[in-house]
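The structure appears below as structure tokens.
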Amino acid sequence: MICETPPMGWNSWNTFGREINEKMIKEMADAMVDTGLLDCGYNYLVIDDCWAERQRDADGKLVPDRQKFPNGMKAVADYVHQKGLKFGIYSCAGMITCAGYPASFEHEFVDAQTFAQWGIDFLKYDYCFKPGSVSGDVLYKRMGAALANCGRDILFSACSCGKDETKKWIKTTGANMWRSTEDIYDTWTSLRELAMLADQSIKYSGKNCFFDMDMLIVGMYGNGNVGLTGCTDTEYKTHFSLWALLGSPLMIGCDIRNMNDATKKILMNKDVIAINQDKAYNQPYSVAEPLSFSDDYKNEWPIYVKLLENGDFAIGMFNFTDDPTNMYCCNLKLDLLGLSESTGKTLLLTDLWNGEQTKVKNGLHIVEIAPHDCRLYRAKVVDR
Ligand code: GLA
């Protein structure tokens with residue numbers, strides 16, 4: 001399975017946790033199509049943990065929970081496929097899954113075969129209850145080999161939460177994406193924490209093996225399994241902008257049957273999605289100056305830049321500080337993007353959230369950004 005751009009879709013965990021069933025999953029499939037999410041590129045519908053019976057059958061195969069999925073998984077897969085979507089499921093490299101259900105350790109090939117028979121297109125593969133006797137890379141290599149030999153294209157989504165230096169070995173396993181951090185929660189603190197860690201993983205992300213900053217909390221407003229306090233729309237916009245710009249997979253986690261307008265506007269901003277899905281997948285880089293503060297502060301105002309396939313730049317400027325009086329003055333120096341004065345070129349910035357255009361003068365773009373807010377631009381190279 002070759003994956004050219006970061007996967008996009010919806011996953012049951014953030015909102016539903018254990019409360020999953022066939023009816024709800026079918027409603028989600030309907031919603032992905034009816035809301036226009038599929039048209040925006042969100043094409044994977046993924047069932048997370050807690051879908052299985054506690055015991056394997058007499059042949060050692062996984063069995064879908066008979067109450068939650070009375071017609072089995074193939075029936076759900078057929079429904080999802082007939083909607084034009086792809087269907088994902090969850091297992092774990094350890095003895096049991098994170099929520100205590102049977103996992104794939106020492107059953108890798110039989111499980112991959114079962115998933116292929118059901119019509120699965122995506123496997124999220126967790127790392128809980130890992131046996132001490134086998135190293136993480138070998139566990140993921142086992143499932144990578146099993147999937148590559150199961151006779152069906154199944155996207156391999158590794159979820160070892162960055163543990164055991166995942167980034168150093170994950171590309172050897174056949175994984176198409178890999179979780180770089182612990183779980184996200186629907187709070188600003190959680191968002192901020194994951195955002196601050198991104199810098200460490202960017203250079204280990206690339207085509208066919210994307211680093212995954214975890215599923216989106218946009219539109220949850222404190223509801224559901226990882227709900228907690230919830231965030232503001234500005235914070236959700238900042239979250240989506242950063243995930244999109246850095247090339248993380250975009251897996252929605254809110255209840256898409258009841259999205260409000262603000263949530264739709266964020267998740268379905270096609271210009272922002274285009275930045276995420278840019279075919280070149282050039283590595284984003286940071287051009288934030290440490291200012292006059294200590295080094296500890298520099299990542300709270302990251303500026304990330306990515307050169308796009310058509311020669312434009314994607315530029316995100318963020319204020320992750322908390323003090324409401326701190327209207328950070330963000331300085332973007334074009335020199336650091338390769339657009340020195342000697343080139344005779346500058347940038348025409350288009351703000352992807354409000355459409356405003358600005359031509360950069362004298363090689364410097366200065367903008368005030370309130371705490372928790374951001375600017376995300378697509379910038380065209382033009383004459384000075
Ligand atoms: C781990 C993963 C989550 C989710 C749960 C399910 O915590 O990181 O994304 O899949 O397991 O139990």
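Lettering and numbering for the structure tokens are positional, with chains as A, B, ... in the shown order, residues counted from 1 in each chain, and ligands counted from 1 in the shown order.
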
| message | Could you list the protein, DNA and RNA residues that have any atom within 9 Å of ligand 1, counting only C-alpha atoms and all ligand atoms, and write them as a PyMOL selection string? | response | chain A and resi 12-14+17-18+48-50+90-92+97-101+124-128+159-161+179+181-184+214-215

May I have the selected residues written with N, CA and C atoms, as a CSV table (one decimal), in the first residue's frame?
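Saved result, part.csv, follows:
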chain,number,residue,atom,x,y,z
A,12,SER,N,-13.8,6.8,15.4
A,12,SER,CA,-14.9,6.7,16.5
A,12,SER,C,-14.4,7.1,17.9
A,13,TRP,N,-13.1,7.0,18.1
A,13,TRP,CA,-12.6,7.1,19.5
A,13,TRP,C,-12.9,8.4,20.3
A,14,ASN,N,-12.5,9.5,19.7
A,14,ASN,CA,-12.6,10.8,20.5
A,14,ASN,C,-14.0,11.0,21.0
A,17,GLY,N,-15.7,6.4,22.1
A,17,GLY,CA,-15.0,5.4,23.0
A,17,GLY,C,-15.6,4.0,22.8
A,18,ARG,N,-16.1,3.5,23.9
A,18,ARG,CA,-16.7,2.1,23.8
A,18,ARG,C,-18.1,2.1,23.2
A,48,ASP,N,-12.6,2.4,16.1
A,48,ASP,CA,-11.5,2.3,17.0
A,48,ASP,C,-11.7,1.1,17.9
A,49,ASP,N,-11.0,1.1,19.0
A,49,ASP,CA,-11.1,0.0,20.0
A,49,ASP,C,-12.5,-0.4,20.5
A,50,CYS,N,-12.7,-1.6,21.0
A,50,CYS,CA,-13.9,-2.0,21.7
A,50,CYS,C,-15.0,-2.5,20.7
A,90,TYR,N,-9.4,-1.4,14.1
A,90,TYR,CA,-8.4,-1.2,15.1
A,90,TYR,C,-7.9,-2.5,15.7
A,91,SER,N,-6.6,-2.7,15.9
A,91,SER,CA,-6.1,-3.8,16.8
A,91,SER,C,-4.8,-3.3,17.5
A,92,CYS,N,-4.1,-4.2,18.1
A,92,CYS,CA,-3.0,-3.8,18.9
A,92,CYS,C,-1.9,-4.8,18.8
A,97,THR,N,-5.8,-5.2,23.8
A,97,THR,CA,-5.9,-3.8,23.3
A,97,THR,C,-5.8,-2.8,24.5
A,98,CYS,N,-5.7,-1.5,24.3
A,98,CYS,CA,-5.6,-0.6,25.4
A,98,CYS,C,-6.8,-0.6,26.3
A,99,ALA,N,-8.0,-1.0,25.7
A,99,ALA,CA,-9.2,-1.0,26.5
A,99,ALA,C,-9.5,-2.5,26.9
A,100,GLY,N,-8.6,-3.4,26.7
A,100,GLY,CA,-8.7,-4.8,27.3
A,100,GLY,C,-9.4,-5.8,26.4
A,101,TYR,N,-9.4,-5.6,25.1
A,101,TYR,CA,-10.0,-6.6,24.2
A,101,TYR,C,-8.9,-7.4,23.5
A,124,LYS,N,-5.6,0.6,12.3
A,124,LYS,CA,-4.9,1.4,13.3
A,124,LYS,C,-4.4,0.3,14.3
A,125,TYR,N,-3.1,0.4,14.6
A,125,TYR,CA,-2.4,-0.7,15.3
A,125,TYR,C,-1.7,-0.1,16.5
A,126,ASP,N,-2.3,-0.4,17.7
A,126,ASP,CA,-1.9,0.2,18.9
A,126,ASP,C,-0.7,-0.5,19.6
A,127,TYR,N,-0.3,-0.1,20.8
A,127,TYR,CA,1.0,-0.6,21.4
A,127,TYR,C,0.8,-0.9,22.9
A,128,CYS,N,-0.4,-1.1,23.3
A,128,CYS,CA,-0.6,-1.4,24.8
A,128,CYS,C,-0.3,-2.8,25.1
A,159,CYS,N,0.3,3.1,15.9
A,159,CYS,CA,-0.1,3.9,17.0
A,159,CYS,C,0.7,3.6,18.3
A,160,SER,N,2.0,3.8,18.2
A,160,SER,CA,2.8,3.4,19.4
A,160,SER,C,3.1,4.7,20.2
A,161,CYS,N,2.4,5.8,19.9
A,161,CYS,CA,2.5,7.0,20.7
A,161,CYS,C,3.9,7.5,20.8
A,179,ARG,N,1.8,7.4,15.0
A,179,ARG,CA,1.5,8.4,16.1
A,179,ARG,C,2.8,8.8,16.8
A,181,THR,N,2.9,11.0,19.4
A,181,THR,CA,2.7,11.5,20.8
A,181,THR,C,1.7,10.7,21.5
A,182,GLU,N,1.5,11.0,22.8
A,182,GLU,CA,0.4,10.4,23.6
A,182,GLU,C,-0.9,10.9,23.1
A,183,ASP,N,-2.0,10.5,23.7
A,183,ASP,CA,-3.3,10.8,23.2
A,183,ASP,C,-3.7,12.3,23.4
A,184,ILE,N,-4.5,12.7,22.4
A,184,ILE,CA,-5.0,14.1,22.5
A,184,ILE,C,-6.3,14.1,23.4
A,214,ASP,N,-2.1,12.9,16.1
A,214,ASP,CA,-3.4,12.3,16.7
A,214,ASP,C,-4.6,13.0,16.1
A,215,MET,N,-5.7,12.3,16.4
A,215,MET,CA,-7.0,12.7,15.7
A,215,MET,C,-7.4,14.1,16.1

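Within the 10 Å cut-off around Leu37 of chain A, using only C-alpha atoms and omitting residues fewer than 4 positions from it on the same chain, the listed residues are Met8, Gly9, Trp10, Ala31, Met32, Val33, Gly41, Tyr42, Asn43, Ile252, Ile256, Lys264, Leu267 and Met268 of chain A.
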
Can you list every residue of segment 194-279 of chain A that has an atom at most 9 Å from segment 170-176 of chain A, with its nearest atom pair and the distance in Å to one decimal, using only C-alpha atoms, ordered by chain then number, as JSON lines?
{"residue": "A:Tyr204", "atom": "CA", "partner": "A:Lys171", "partner_atom": "CA", "distance": 8.8}
{"residue": "A:Lys207", "atom": "CA", "partner": "A:Asn176", "partner_atom": "CA", "distance": 8.2}
{"residue": "A:Asn208", "atom": "CA", "partner": "A:Asn176", "partner_atom": "CA", "distance": 5.0}
{"residue": "A:Cys209", "atom": "CA", "partner": "A:Asn176", "partner_atom": "CA", "distance": 4.1}
{"residue": "A:Phe210", "atom": "CA", "partner": "A:Asn176", "partner_atom": "CA", "distance": 6.3}
{"residue": "A:Phe211", "atom": "CA", "partner": "A:Asn176", "partner_atom": "CA", "distance": 8.8}

Please write the residues from the selection above to a file, keeping C-alpha atoms, as a PDB file, in the first residue's frame.
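Produced file result-v2.pdb, reproduced below:
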ATOM      1  CA  TYR A 204      10.949  11.832  10.393  1.00  0.00           C
ATOM      2  CA  LYS A 207       5.510  10.423   1.849  1.00  0.00           C
ATOM      3  CA  ASN A 208       4.083   6.996   2.605  1.00  0.00           C
ATOM      4  CA  CYS A 209       4.990   7.263   6.314  1.00  0.00           C
ATOM      5  CA  PHE A 210       3.400  10.394   7.763  1.00  0.00           C
ATOM      6  CA  PHE A 211       3.782  11.477  11.367  1.00  0.00           C
TER       7      PHE A 211
END

Residue set, segment 9-254 of chain A restricted to strand (DSSP E or B), as a tab-separated table (two decimals) with all heavy atoms, in the first residue's frame:
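Ended up saving to part_34.tsv:
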chain	number	residue	atom	x	y	z
A	9	GLY	N	-9.99	11.28	7.26
A	9	GLY	CA	-11.19	10.49	7.54
A	9	GLY	C	-11.82	10.84	8.87
A	9	GLY	O	-11.66	11.96	9.37
A	10	TRP	N	-12.51	9.87	9.41
A	10	TRP	CA	-13.20	10.01	10.70
A	10	TRP	C	-12.91	8.76	11.53
A	10	TRP	O	-12.84	7.65	10.98
A	10	TRP	CB	-14.71	10.15	10.49
A	10	TRP	CG	-15.48	10.28	11.78
A	10	TRP	CD1	-15.74	11.44	12.46
A	10	TRP	CD2	-16.08	9.22	12.54
A	10	TRP	NE1	-16.46	11.15	13.60
A	10	TRP	CE2	-16.68	9.80	13.68
A	10	TRP	CE3	-16.15	7.83	12.39
A	10	TRP	CZ2	-17.36	9.06	14.64
A	10	TRP	CZ3	-16.82	7.08	13.36
A	10	TRP	CH2	-17.43	7.70	14.47
A	11	ASN	N	-12.74	8.93	12.84
A	11	ASN	CA	-12.46	7.81	13.74
A	11	ASN	C	-13.40	7.91	14.95
A	11	ASN	O	-13.68	9.00	15.45
A	11	ASN	CB	-10.98	7.87	14.17
A	11	ASN	CG	-10.63	6.83	15.22
A	11	ASN	OD1	-11.17	6.83	16.32
A	11	ASN	ND2	-9.71	5.95	14.89
A	44	TYR	N	-11.76	7.88	4.79
A	44	TYR	CA	-11.66	6.69	5.66
A	44	TYR	C	-12.59	6.81	6.85
A	44	TYR	O	-12.51	7.79	7.61
A	44	TYR	CB	-10.23	6.51	6.18
A	44	TYR	CG	-9.27	5.95	5.14
A	44	TYR	CD1	-8.41	6.79	4.45
A	44	TYR	CD2	-9.25	4.59	4.86
A	44	TYR	CE1	-7.53	6.29	3.49
A	44	TYR	CE2	-8.38	4.08	3.90
A	44	TYR	CZ	-7.52	4.92	3.22
A	44	TYR	OH	-6.67	4.41	2.28
A	45	LEU	N	-13.43	5.82	7.06
A	45	LEU	CA	-14.26	5.75	8.26
A	45	LEU	C	-13.67	4.64	9.13
A	45	LEU	O	-13.64	3.48	8.70
A	45	LEU	CB	-15.70	5.45	7.87
A	45	LEU	CG	-16.75	5.52	8.97
A	45	LEU	CD1	-18.14	5.61	8.36
A	45	LEU	CD2	-16.71	4.34	9.90
A	46	VAL	N	-13.20	4.99	10.31
A	46	VAL	CA	-12.44	4.02	11.11
A	46	VAL	C	-13.12	3.74	12.45
A	46	VAL	O	-13.42	4.66	13.22
A	46	VAL	CB	-11.00	4.53	11.36
A	46	VAL	CG1	-10.20	3.51	12.16
A	46	VAL	CG2	-10.30	4.85	10.05
A	52	ALA	N	-14.72	-5.75	19.48
A	52	ALA	CA	-14.66	-7.22	19.41
A	52	ALA	C	-15.27	-7.90	20.63
A	52	ALA	O	-15.41	-7.30	21.71
A	52	ALA	CB	-13.20	-7.66	19.28
A	64	PRO	N	-16.47	-10.01	15.90
A	64	PRO	CA	-17.08	-8.72	16.25
A	64	PRO	C	-18.10	-8.90	17.37
A	64	PRO	O	-18.79	-9.93	17.41
A	64	PRO	CB	-17.78	-8.30	14.95
A	64	PRO	CG	-17.15	-9.11	13.87
A	64	PRO	CD	-16.70	-10.39	14.51
A	86	LYS	N	-13.95	4.34	2.45
A	86	LYS	CA	-13.11	3.19	2.83
A	86	LYS	C	-13.30	2.92	4.32
A	86	LYS	O	-13.63	3.82	5.07
A	86	LYS	CB	-11.65	3.49	2.50
A	86	LYS	CG	-11.46	3.65	1.01
A	86	LYS	CD	-10.04	3.89	0.65
A	86	LYS	CE	-9.95	3.95	-0.87
A	86	LYS	NZ	-8.59	3.88	-1.34
A	87	PHE	N	-13.02	1.68	4.70
A	87	PHE	CA	-13.41	1.25	6.04
A	87	PHE	C	-12.19	0.82	6.86
A	87	PHE	O	-11.38	0.01	6.40
A	87	PHE	CB	-14.38	0.07	5.89
A	87	PHE	CG	-14.98	-0.40	7.18
A	87	PHE	CD1	-15.46	0.50	8.11
A	87	PHE	CD2	-15.09	-1.75	7.44
A	87	PHE	CE1	-16.03	0.06	9.30
A	87	PHE	CE2	-15.66	-2.20	8.63
A	87	PHE	CZ	-16.14	-1.28	9.55
A	88	GLY	N	-12.09	1.35	8.07
A	88	GLY	CA	-10.94	1.03	8.91
A	88	GLY	C	-11.33	0.38	10.22
A	88	GLY	O	-12.45	0.54	10.71
A	89	ILE	N	-10.39	-0.36	10.80
A	89	ILE	CA	-10.62	-1.03	12.07
A	89	ILE	C	-9.36	-0.90	12.92
A	89	ILE	O	-8.34	-0.38	12.46
A	89	ILE	CB	-11.06	-2.50	11.83
A	89	ILE	CG1	-11.95	-2.99	12.95
A	89	ILE	CG2	-9.85	-3.40	11.63
A	89	ILE	CD1	-12.73	-4.23	12.59
A	90	TYR	N	-9.44	-1.41	14.14
A	90	TYR	CA	-8.38	-1.21	15.13
A	90	TYR	C	-7.93	-2.54	15.71
A	90	TYR	O	-8.75	-3.43	15.97
A	90	TYR	CB	-8.96	-0.32	16.24
A	90	TYR	CG	-8.16	-0.24	17.53
A	90	TYR	CD1	-7.36	0.86	17.81
A	90	TYR	CD2	-8.24	-1.26	18.48
A	90	TYR	CE1	-6.66	0.94	19.01
A	90	TYR	CE2	-7.54	-1.18	19.67
A	90	TYR	CZ	-6.75	-0.08	19.92
A	90	TYR	OH	-6.06	0.01	21.11
A	91	SER	N	-6.62	-2.68	15.94
A	91	SER	CA	-6.11	-3.76	16.76
A	91	SER	C	-4.84	-3.26	17.46
A	91	SER	O	-4.53	-2.07	17.41
A	91	SER	CB	-5.82	-5.01	15.93
A	91	SER	OG	-5.53	-6.09	16.83
A	92	CYS	N	-4.14	-4.17	18.07
A	92	CYS	CA	-3.02	-3.75	18.91
A	92	CYS	C	-1.91	-4.80	18.84
A	92	CYS	O	-2.19	-6.00	18.74
A	92	CYS	CB	-3.56	-3.58	20.34
A	92	CYS	SG	-2.31	-3.16	21.55
A	96	ILE	N	-3.34	-7.60	24.76
A	96	ILE	CA	-4.73	-7.12	24.66
A	96	ILE	C	-4.70	-5.66	24.23
A	96	ILE	O	-3.66	-5.01	24.31
A	96	ILE	CB	-5.51	-7.25	26.01
A	96	ILE	CG1	-4.68	-6.69	27.17
A	96	ILE	CG2	-5.92	-8.69	26.29
A	96	ILE	CD1	-5.44	-6.66	28.50
A	102	PRO	N	-9.26	-8.53	22.89
A	102	PRO	CA	-8.19	-9.35	22.29
A	102	PRO	C	-7.38	-8.56	21.26
A	102	PRO	O	-7.97	-7.80	20.48
A	102	PRO	CB	-8.94	-10.50	21.61
A	102	PRO	CG	-10.37	-10.34	21.91
A	102	PRO	CD	-10.59	-9.11	22.70
A	122	PHE	N	-8.03	-0.16	6.24
A	122	PHE	CA	-7.19	0.69	7.11
A	122	PHE	C	-7.10	-0.02	8.46
A	122	PHE	O	-8.13	-0.44	9.00
A	122	PHE	CB	-7.91	2.04	7.26
A	122	PHE	CG	-7.27	3.10	8.13
A	122	PHE	CD1	-6.82	4.30	7.58
A	122	PHE	CD2	-7.16	2.93	9.50
A	122	PHE	CE1	-6.26	5.30	8.38
A	122	PHE	CE2	-6.61	3.93	10.30
A	122	PHE	CZ	-6.17	5.11	9.74
A	123	LEU	N	-5.89	-0.18	8.97
A	123	LEU	CA	-5.74	-0.77	10.30
A	123	LEU	C	-4.98	0.18	11.21
A	123	LEU	O	-3.82	0.51	10.95
A	123	LEU	CB	-4.98	-2.11	10.23
A	123	LEU	CG	-4.70	-2.74	11.60
A	123	LEU	CD1	-6.00	-3.20	12.28
A	123	LEU	CD2	-3.72	-3.90	11.49
A	124	LYS	N	-5.64	0.62	12.27
A	124	LYS	CA	-4.95	1.38	13.32
A	124	LYS	C	-4.40	0.35	14.30
A	124	LYS	O	-5.15	-0.50	14.80
A	124	LYS	CB	-5.92	2.34	14.01
A	124	LYS	CG	-5.30	3.05	15.22
A	124	LYS	CD	-6.22	4.13	15.73
A	124	LYS	CE	-5.75	4.70	17.06
A	124	LYS	NZ	-6.63	5.75	17.57
A	125	TYR	N	-3.09	0.41	14.56
A	125	TYR	CA	-2.43	-0.67	15.30
A	125	TYR	C	-1.73	-0.10	16.52
A	125	TYR	O	-0.68	0.54	16.43
A	125	TYR	CB	-1.45	-1.36	14.36
A	125	TYR	CG	-1.12	-2.78	14.75
A	125	TYR	CD1	-2.12	-3.70	15.02
A	125	TYR	CD2	0.20	-3.21	14.84
A	125	TYR	CE1	-1.82	-5.01	15.36
A	125	TYR	CE2	0.52	-4.51	15.17
A	125	TYR	CZ	-0.50	-5.41	15.44
A	125	TYR	OH	-0.21	-6.71	15.78
A	126	ASP	N	-2.28	-0.39	17.68
A	126	ASP	CA	-1.86	0.23	18.93
A	126	ASP	C	-0.67	-0.52	19.57
A	126	ASP	O	-0.16	-1.50	19.00
A	126	ASP	CB	-3.06	0.30	19.89
A	126	ASP	CG	-3.11	1.62	20.62
A	126	ASP	OD1	-2.05	2.07	21.07
A	126	ASP	OD2	-4.20	2.18	20.77
A	155	LEU	N	-4.23	0.19	4.57
A	155	LEU	CA	-3.36	1.24	5.09
A	155	LEU	C	-2.96	0.87	6.53
A	155	LEU	O	-3.82	0.50	7.33
A	155	LEU	CB	-4.12	2.57	5.05
A	155	LEU	CG	-3.33	3.85	5.29
A	155	LEU	CD1	-4.01	5.01	4.57
A	155	LEU	CD2	-3.13	4.19	6.74
A	156	PHE	N	-1.69	0.99	6.82
A	156	PHE	CA	-1.16	0.57	8.12
A	156	PHE	C	-0.87	1.81	8.96
A	156	PHE	O	0.08	2.55	8.70
A	156	PHE	CB	0.11	-0.26	7.87
A	156	PHE	CG	0.69	-0.92	9.10
A	156	PHE	CD1	-0.05	-1.13	10.26
A	156	PHE	CD2	2.01	-1.36	9.08
A	156	PHE	CE1	0.51	-1.75	11.37
A	156	PHE	CE2	2.58	-1.98	10.18
A	156	PHE	CZ	1.83	-2.17	11.33
A	157	SER	N	-1.71	2.02	9.98
A	157	SER	CA	-1.61	3.21	10.83
A	157	SER	C	-1.06	2.79	12.19
A	157	SER	O	-1.78	2.23	13.02
A	157	SER	CB	-3.01	3.82	10.95
A	157	SER	OG	-3.08	4.72	12.02
A	158	ALA	N	0.22	3.03	12.40
A	158	ALA	CA	0.88	2.62	13.65
A	158	ALA	C	0.54	3.61	14.75
A	158	ALA	O	0.51	4.81	14.53
A	158	ALA	CB	2.38	2.55	13.45
A	159	CYS	N	0.30	3.07	15.95
A	159	CYS	CA	-0.12	3.94	17.05
A	159	CYS	C	0.66	3.61	18.31
A	159	CYS	O	0.10	3.20	19.32
A	159	CYS	CB	-1.63	3.77	17.27
A	159	CYS	SG	-2.29	4.81	18.56
A	177	MET	N	1.53	5.60	8.39
A	177	MET	CA	1.47	6.76	9.28
A	177	MET	C	1.81	6.25	10.69
A	177	MET	O	1.68	5.05	10.95
A	177	MET	CB	0.09	7.44	9.24
A	177	MET	CG	-1.09	6.54	9.56
A	177	MET	SD	-2.70	7.31	9.20
A	177	MET	CE	-3.12	7.96	10.83
A	178	TRP	N	2.27	7.14	11.55
A	178	TRP	CA	2.68	6.70	12.89
A	178	TRP	C	2.43	7.80	13.89
A	178	TRP	O	2.79	8.95	13.69
A	178	TRP	CB	4.16	6.29	12.88
A	178	TRP	CG	5.10	7.38	12.45
A	178	TRP	CD1	5.37	7.77	11.17
A	178	TRP	CD2	5.87	8.26	13.29
A	178	TRP	NE1	6.25	8.81	11.14
A	178	TRP	CE2	6.58	9.14	12.45
A	178	TRP	CE3	6.03	8.38	14.68
A	178	TRP	CZ2	7.44	10.13	12.93
A	178	TRP	CZ3	6.88	9.37	15.17
A	178	TRP	CH2	7.57	10.21	14.29
A	179	ARG	N	1.81	7.42	15.00
A	179	ARG	CA	1.52	8.37	16.07
A	179	ARG	C	2.81	8.79	16.76
A	179	ARG	O	3.59	7.95	17.20
A	179	ARG	CB	0.58	7.74	17.07
A	179	ARG	CG	-0.89	8.00	16.80
A	179	ARG	CD	-1.34	9.34	17.30
A	179	ARG	NE	-1.32	9.36	18.75
A	179	ARG	CZ	-2.21	8.75	19.51
A	179	ARG	NH1	-3.22	8.10	18.98
A	179	ARG	NH2	-2.11	8.80	20.82
A	206	GLY	N	7.32	11.72	6.15
A	206	GLY	CA	7.53	11.82	4.71
A	206	GLY	C	6.46	11.04	3.98
A	206	GLY	O	5.64	10.37	4.60
A	209	CYS	N	4.81	7.56	4.89
A	209	CYS	CA	4.99	7.26	6.31
A	209	CYS	C	4.89	8.58	7.10
A	209	CYS	O	5.88	9.12	7.57
A	209	CYS	CB	6.33	6.56	6.54
A	209	CYS	SG	6.43	5.80	8.18
A	210	PHE	N	3.65	9.06	7.21
A	210	PHE	CA	3.40	10.39	7.76
A	210	PHE	C	3.36	10.39	9.28
A	210	PHE	O	2.80	9.46	9.88
A	210	PHE	CB	2.06	10.92	7.24
A	210	PHE	CG	1.99	10.94	5.75
A	210	PHE	CD1	1.38	9.93	5.04
A	210	PHE	CD2	2.58	11.98	5.03
A	210	PHE	CE1	1.33	9.94	3.66
A	210	PHE	CE2	2.55	12.00	3.66
A	210	PHE	CZ	1.92	10.98	2.96
A	211	PHE	N	3.90	11.40	9.90
A	211	PHE	CA	3.78	11.48	11.37
A	211	PHE	C	2.39	11.98	11.72
A	211	PHE	O	1.83	12.85	11.07
A	211	PHE	CB	4.92	12.29	12.00
A	211	PHE	CG	4.71	13.77	12.15
A	211	PHE	CD1	4.87	14.38	13.38
A	211	PHE	CD2	4.42	14.55	11.05
A	211	PHE	CE1	4.72	15.75	13.54
A	211	PHE	CE2	4.26	15.93	11.19
A	211	PHE	CZ	4.40	16.51	12.43
A	212	ASP	N	1.85	11.37	12.75
A	212	ASP	CA	0.44	11.56	13.07
A	212	ASP	C	0.37	12.24	14.44
A	212	ASP	O	0.73	11.65	15.45
A	212	ASP	CB	-0.20	10.16	13.09
A	212	ASP	CG	-1.62	10.15	13.61
A	212	ASP	OD1	-2.20	11.23	13.75
A	212	ASP	OD2	-2.14	9.05	13.87
A	250	LEU	N	-5.45	13.88	8.76
A	250	LEU	CA	-6.58	14.65	9.29
A	250	LEU	C	-7.73	13.68	9.55
A	250	LEU	O	-8.51	13.37	8.67
A	250	LEU	CB	-7.01	15.74	8.29
A	250	LEU	CG	-5.93	16.77	7.95
A	250	LEU	CD1	-6.43	17.74	6.88
A	250	LEU	CD2	-5.47	17.54	9.18
A	251	MET	N	-7.78	13.16	10.78
A	251	MET	CA	-8.82	12.21	11.16
A	251	MET	C	-9.77	12.92	12.13
A	251	MET	O	-9.38	13.23	13.26
A	251	MET	CB	-8.21	10.97	11.83
A	251	MET	CG	-7.22	10.19	10.97
A	251	MET	SD	-7.90	9.53	9.43
A	251	MET	CE	-9.02	8.29	10.06
A	252	ILE	N	-10.97	13.17	11.69
A	252	ILE	CA	-11.95	13.91	12.49
A	252	ILE	C	-12.40	13.05	13.68
A	252	ILE	O	-12.53	11.83	13.56
A	252	ILE	CB	-13.17	14.27	11.61
A	252	ILE	CG1	-12.71	15.18	10.46
A	252	ILE	CG2	-14.27	14.94	12.43
A	252	ILE	CD1	-13.79	15.44	9.44

Practice item. Extract, using only C-alpha atoms, all DNA, RNA and protein residues at most 9 Å from Asp383 of chain A, discarding same-chain residues fewer than 6 positions from it, and format them as a count of residues only. Key: 5

Correct to one decimal, the distance atom CA of Ile266 of chain A-atom CA of Gly247 of chain A is 16.2 Å

One decimal place gives the atom CA of Asn225 of chain A-atom CA of Asn21 of chain A separation as 15.1 Å

Got a sec: who's within 8 Å of Tyr281 of chain A, counting only C-alpha atoms, leaving out chain neighbours fewer than 2 positions off, as a PDB file with N, CA and C atoms, in the first residue's frame?
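Resulting contents of selection.pdb:
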ATOM      1  N   THR A   5      -0.316  11.004   0.123  1.00  0.00           N
ATOM      2  CA  THR A   5      -0.615  12.210   0.907  1.00  0.00           C
ATOM      3  C   THR A   5      -1.201  11.784   2.261  1.00  0.00           C
ATOM      4  N   GLY A 206       7.322  11.721   6.145  1.00  0.00           N
ATOM      5  CA  GLY A 206       7.530  11.819   4.710  1.00  0.00           C
ATOM      6  C   GLY A 206       6.464  11.043   3.981  1.00  0.00           C
ATOM      7  N   LYS A 207       6.492  11.138   2.665  1.00  0.00           N
ATOM      8  CA  LYS A 207       5.510  10.423   1.849  1.00  0.00           C
ATOM      9  C   LYS A 207       5.475   8.957   2.237  1.00  0.00           C
ATOM     10  N   GLY A 247       1.392  18.559   7.914  1.00  0.00           N
ATOM     11  CA  GLY A 247       1.222  17.329   7.130  1.00  0.00           C
ATOM     12  C   GLY A 247       0.794  16.134   7.951  1.00  0.00           C
ATOM     13  N   GLN A 277      -2.625  18.362   1.759  1.00  0.00           N
ATOM     14  CA  GLN A 277      -2.577  17.296   0.744  1.00  0.00           C
ATOM     15  C   GLN A 277      -1.601  17.606  -0.384  1.00  0.00           C
ATOM     16  N   ASP A 278      -0.810  18.649  -0.231  1.00  0.00           N
ATOM     17  CA  ASP A 278       0.107  19.036  -1.310  1.00  0.00           C
ATOM     18  C   ASP A 278       1.006  17.860  -1.697  1.00  0.00           C
ATOM     19  N   LYS A 279       1.023  17.567  -2.994  1.00  0.00           N
ATOM     20  CA  LYS A 279       1.688  16.340  -3.471  1.00  0.00           C
ATOM     21  C   LYS A 279       3.203  16.323  -3.238  1.00  0.00           C
ATOM     22  N   GLN A 283       9.257  19.122   3.356  1.00  0.00           N
ATOM     23  CA  GLN A 283       9.307  19.205   4.822  1.00  0.00           C
ATOM     24  C   GLN A 283       9.040  20.632   5.305  1.00  0.00           C
ATOM     25  N   LEU A 308       5.370  24.644  -1.566  1.00  0.00           N
ATOM     26  CA  LEU A 308       4.348  23.787  -2.184  1.00  0.00           C
ATOM     27  C   LEU A 308       4.727  23.391  -3.613  1.00  0.00           C
ATOM     28  N   GLU A 309       4.008  22.411  -4.116  1.00  0.00           N
ATOM     29  CA  GLU A 309       4.327  21.834  -5.426  1.00  0.00           C
ATOM     30  C   GLU A 309       4.318  22.877  -6.546  1.00  0.00           C
TER      31      GLU A 309
END

Checklist entry - Hey, which of A:Thr189, A:Ala244, A:Asn331, A:Arg257 ends up closest to Met24 of chain A? Count only C-alpha atoms. => result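 For Met24 of chain A, the nearest of the candidates is A:Arg257.
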
### Task
Skip Val287 of chain A itself and residues of its chain fewer than 5 positions away, then list as a PyMOL selection string all residues within 12 Å of it, counting only C-alpha atoms.
chain A and resi 199+298-299+301-306+315-318+330-338

The distance between atom CA of Ala370 of chain A and atom CA of Asp186 of chain A is 20.5 Å
